[in-house]
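Below you'll find the structure, written out as structure tokens, and then a few comments.
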Amino acid sequence: MGLKFLKACVACAMVYLPAVGTAQAATVNIVRVADNPQETVYGIRDNTGTDGVDLDGAIFTATYADGTSEEIVWNALRTFNYSIDGEAAGTDTYVYMSWDGFEMTTTRLLTSLLIQLAPASSVFDTTFIFDPDPASTPGSSFGYPFELYSAYSGLQGSITATYSGIVNMAGDVARGDLFTDMLVDFSGLSTGGILGAVSFRSDMDTLRYAGDLTPISPVPLPAGFWLLLAGMGGFVLSGRMARRGSAARVSA
């Protein structure tokens with residue numbers, strides 16, 4: 001009963017939130033790291049807009065102030081043939097999205113939310129740069145990083161959105177705009193986290209084909225490299241010993 005009421009409240013809120021003209025509320029820090037690199041062979045689909053229905057399978061991990069967490073899998077909502085919305089319905093956190101941005105409501109103090117898009121074959125596009133600029137992954141058009149809706153301008157403190165899982169096109173270098181994961185840290189807010197409702201967005205693109213993202217393993221060094229390194233170490237050591245012997249003969 002409570003969860004159904006929560007869903008209804010969030011869905012109603014979506015009608016009244018502005019889709020454009022958003023403003024930062026608390027200070028928002030954006031961090032991009034090159035951890036967990038992945039690549040796509042076929043790239044971004046022509047329609048770079050991503051709706052809630054496109055995130056089916058994405059993983060949302062909510063972490064609370066008491067140190068506990070819950071992992072929630074995103075589900076596409078197909079109420080009608082033209083439905084474009086989806087949801088991640090957890091025990092204490094509910095997230096909804098239709099065509100622009102996430103509506104989240106939590107009944108416990110939430111300190112962070114991790115969103116992993118790789119299972120949905122989607123990525124976060126974090127830069128405003130248009131194609132075909134060298135700083136933009138081909139086909140990704142333009143994007144923007146995490147931002148709050150203006151309705152939450154009363155929040156005080158800071159929020160840090162960290163992007164990881166950097167993505168590149170196969171045969172091309174990573175441009176630093178696409179990522180599979182976004183970790184939003186709310187613990188810097190004056191309240192210590194989020195309790196109740198908050199709305200935010202971060203541009204996302206969906207790939208041409210499901211399962212196209214492939215993790216990139218570190219390139220292993222050849223076995224001969226370690227023998228060479230050991231030989232160089234021995235050479236340096238023998239050189240030091242020879243210099244010490246020469247110094248001892250001179251002092252004698």
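We label chains A, B, ... in the order they appear in the structure tokens, count residues from 1 in each chain, and number ligands from 1 in the order shown.
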
For the contact check between stretch 66-157 of chain A and stretch 23-39 of chain A, emit one row per residue of stretch 66-157 of chain A within 7 Å, containing the shortest atom pair and the distance in Å rounded to one decimal, counting only C-alpha atoms, chain then rising number order, as a tab-separated table.
```
residue	atom	partner	partner_atom	distance
A:Glu147	CA	A:Gln24	CA	6.1
A:Leu148	CA	A:Gln24	CA	5.6
A:Tyr149	CA	A:Ala23	CA	6.1
A:Ser150	CA	A:Ala23	CA	4.8
A:Tyr152	CA	A:Ala25	CA	6.1
A:Ser153	CA	A:Ala25	CA	3.9
A:Gly154	CA	A:Ala25	CA	6.5
A:Leu155	CA	A:Ala26	CA	5.4
A:Gln156	CA	A:Ala26	CA	5.0
A:Gly157	CA	A:Ala26	CA	5.3
```

Produce a file of the selected residues containing C-alpha atoms, as a CSV table (one decimal), in the first residue's frame.
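That gives us part-v5.csv:
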```
chain,number,residue,atom,x,y,z
A,147,GLU,CA,22.4,18.6,-11.9
A,148,LEU,CA,19.5,19.1,-9.5
A,149,TYR,CA,16.1,20.5,-10.5
A,150,SER,CA,15.5,24.1,-9.4
A,152,TYR,CA,15.4,21.7,-4.7
A,153,SER,CA,17.3,25.0,-4.5
A,154,GLY,CA,16.8,25.1,-0.8
A,155,LEU,CA,19.3,22.3,-0.2
A,156,GLN,CA,22.4,23.4,1.5
A,157,GLY,CA,25.9,21.9,1.5
```

For this session: Pick out the residues sitting within 9 Å of stretch 72-83 of chain A, and hand them over as number ranges by chain; count only C-alpha atoms, and ignore anything fewer than 5 positions along from it in its own chain.
Result: A: 52-62, 88-91, 93, 95, 98, 120

Take the residues from that selection and put them in a file with C-alpha atoms, as a compact mmCIF listing (two decimals), in the first residue's frame.
```txt
# COMPACT_ATOMS: atom_id res chain seq x y z
CA GLY A 52 13.18 5.35 -18.65
CA VAL A 53 12.18 2.37 -20.77
CA ASP A 54 15.73 2.17 -22.17
CA LEU A 55 17.34 1.55 -18.76
CA ASP A 56 15.89 -1.93 -18.22
CA GLY A 57 18.44 -3.95 -16.20
CA ALA A 58 20.48 -0.99 -14.90
CA ILE A 59 21.55 -1.39 -11.26
CA PHE A 60 20.85 1.21 -8.57
CA THR A 61 22.60 0.84 -5.20
CA ALA A 62 21.25 3.00 -2.37
CA ALA A 88 13.75 1.13 -9.56
CA ALA A 89 11.49 0.11 -6.67
CA GLY A 90 13.38 -0.79 -3.50
CA THR A 91 12.31 -1.26 0.09
CA THR A 93 14.15 4.02 -2.05
CA VAL A 95 13.33 6.07 -8.39
CA SER A 98 10.06 9.00 -17.98
CA ALA A 120 21.28 -1.60 -19.86
```

Exercise. So which residues touch A:Tyr64 within 9 Å, counting only C-alpha atoms, skipping near sequence neighbours fewer than 3 positions away, as number ranges by chain?
Worked result: A: 67-70, 108-112, 193

Can you write just those residues out, C-alpha atoms, as an mmCIF file, in the first residue's frame?
```
data_model
loop_
_atom_site.group_PDB
_atom_site.id
_atom_site.type_symbol
_atom_site.label_atom_id
_atom_site.label_comp_id
_atom_site.auth_asym_id
_atom_site.auth_seq_id
_atom_site.Cartn_x
_atom_site.Cartn_y
_atom_site.Cartn_z
ATOM 1 C CA GLY A 67 25.895 1.901 6.685
ATOM 2 C CA THR A 68 23.366 -0.488 5.143
ATOM 3 C CA SER A 69 22.545 -0.562 1.442
ATOM 4 C CA GLU A 70 20.143 -2.107 -1.028
ATOM 5 C CA ARG A 108 15.540 6.528 5.177
ATOM 6 C CA LEU A 109 18.434 8.985 5.225
ATOM 7 C CA LEU A 110 20.266 8.246 1.971
ATOM 8 C CA THR A 111 23.961 9.147 1.793
ATOM 9 C CA SER A 112 24.774 7.947 -1.730
ATOM 10 C CA GLY A 193 21.940 13.006 3.119
#
```

Problem set entry | Nearest candidate to A:Thr50 (options A:Phe179, A:Phe124, A:Tyr144, A:Phe130; using only C-alpha atoms) | A:Phe124

For this session: Output as a PyMOL selection string all residues of stretch 15-234 of chain A that backbone DSSP marks as strand (DSSP E or B).
Result: chain A and resi 27-32+38-40+44+59-64+69-73+75-77+85-89+93-97+102-116+122-125+147-148+157-169+178-185+189+194-201+204-207+213-215

Problem set entry | helix (DSSP H, G or I) residues, from DSSP on the backbone, in stretch 51-244 of chain A, as a count of residues only | 32

For this session: Between A:Ser217, A:Ser164, A:Ser140, A:Ser187, single out the one closest to A:Ala118, counting only C-alpha atoms.
Result: A:Ser164

For this session: Write out as a PyMOL selection string which residues come within 9 Å of A:Met169 when counting only C-alpha atoms, dropping same-chain ones fewer than 4 positions away.
Result: chain A and resi 38-43+137-138+173-174

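Comparing A:Asp125, A:Asp92, A:Asp185, A:Asp133 by their smallest distance to A:Val167, the closest is A:Asp125 (using only C-alpha atoms).
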
Polymer residues at most 12 Å from A:Asp131, only C-alpha atoms, same-chain spacing of 3 or more positions, as an mmCIF file with N, CA and C atoms, in the first residue's frame:
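Result file is out_6.cif:
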```cif
data_model
loop_
_atom_site.group_PDB
_atom_site.id
_atom_site.type_symbol
_atom_site.label_atom_id
_atom_site.label_comp_id
_atom_site.auth_asym_id
_atom_site.auth_seq_id
_atom_site.Cartn_x
_atom_site.Cartn_y
_atom_site.Cartn_z
ATOM 1 N N THR A 127 29.611 15.716 -21.140
ATOM 2 C CA THR A 127 30.154 16.979 -21.628
ATOM 3 C C THR A 127 29.185 17.681 -22.568
ATOM 4 N N PHE A 128 29.330 19.012 -22.645
ATOM 5 C CA PHE A 128 28.478 19.832 -23.508
ATOM 6 C C PHE A 128 28.996 19.882 -24.941
ATOM 7 N N PRO A 134 37.034 16.756 -31.306
ATOM 8 C CA PRO A 134 37.879 15.640 -30.858
ATOM 9 C C PRO A 134 37.631 15.231 -29.406
ATOM 10 N N ALA A 135 37.055 16.125 -28.609
ATOM 11 C CA ALA A 135 36.792 15.799 -27.209
ATOM 12 C C ALA A 135 35.455 15.084 -27.019
ATOM 13 N N SER A 136 34.736 14.810 -28.117
ATOM 14 C CA SER A 136 33.446 14.136 -28.041
ATOM 15 C C SER A 136 33.518 12.791 -28.744
ATOM 16 N N THR A 137 33.060 11.734 -28.080
ATOM 17 C CA THR A 137 33.033 10.415 -28.699
ATOM 18 C C THR A 137 32.116 10.448 -29.924
ATOM 19 N N PRO A 138 32.574 9.957 -31.063
ATOM 20 C CA PRO A 138 31.759 10.002 -32.288
ATOM 21 C C PRO A 138 30.368 9.416 -32.074
ATOM 22 N N GLY A 139 29.355 10.187 -32.484
ATOM 23 C CA GLY A 139 27.980 9.727 -32.386
ATOM 24 C C GLY A 139 27.271 10.096 -31.102
ATOM 25 N N SER A 140 28.020 10.641 -30.120
ATOM 26 C CA SER A 140 27.410 10.919 -28.824
ATOM 27 C C SER A 140 26.737 12.283 -28.757
ATOM 28 N N SER A 141 26.876 13.080 -29.819
ATOM 29 C CA SER A 141 26.279 14.411 -29.859
ATOM 30 C C SER A 141 26.813 15.236 -28.696
ATOM 31 N N PHE A 142 25.971 15.707 -27.794
ATOM 32 C CA PHE A 142 26.441 16.483 -26.644
ATOM 33 C C PHE A 142 25.694 16.014 -25.407
ATOM 34 N N GLY A 143 26.221 16.329 -24.243
ATOM 35 C CA GLY A 143 25.586 15.889 -23.009
ATOM 36 C C GLY A 143 25.741 16.915 -21.907
ATOM 37 N N ARG A 175 37.624 9.504 -25.037
ATOM 38 C CA ARG A 175 37.599 10.972 -25.119
ATOM 39 C C ARG A 175 37.336 11.626 -23.763
ATOM 40 N N ASP A 177 34.332 11.641 -22.147
ATOM 41 C CA ASP A 177 32.969 12.158 -21.988
ATOM 42 C C ASP A 177 31.959 11.090 -21.599
#
```

Problem set entry | Nearest to A:Leu178 by atom-to-atom distance, counting only C-alpha atoms, from A:Asp66, A:Asp205, A:Asp51, A:Glu103 | A:Asp205
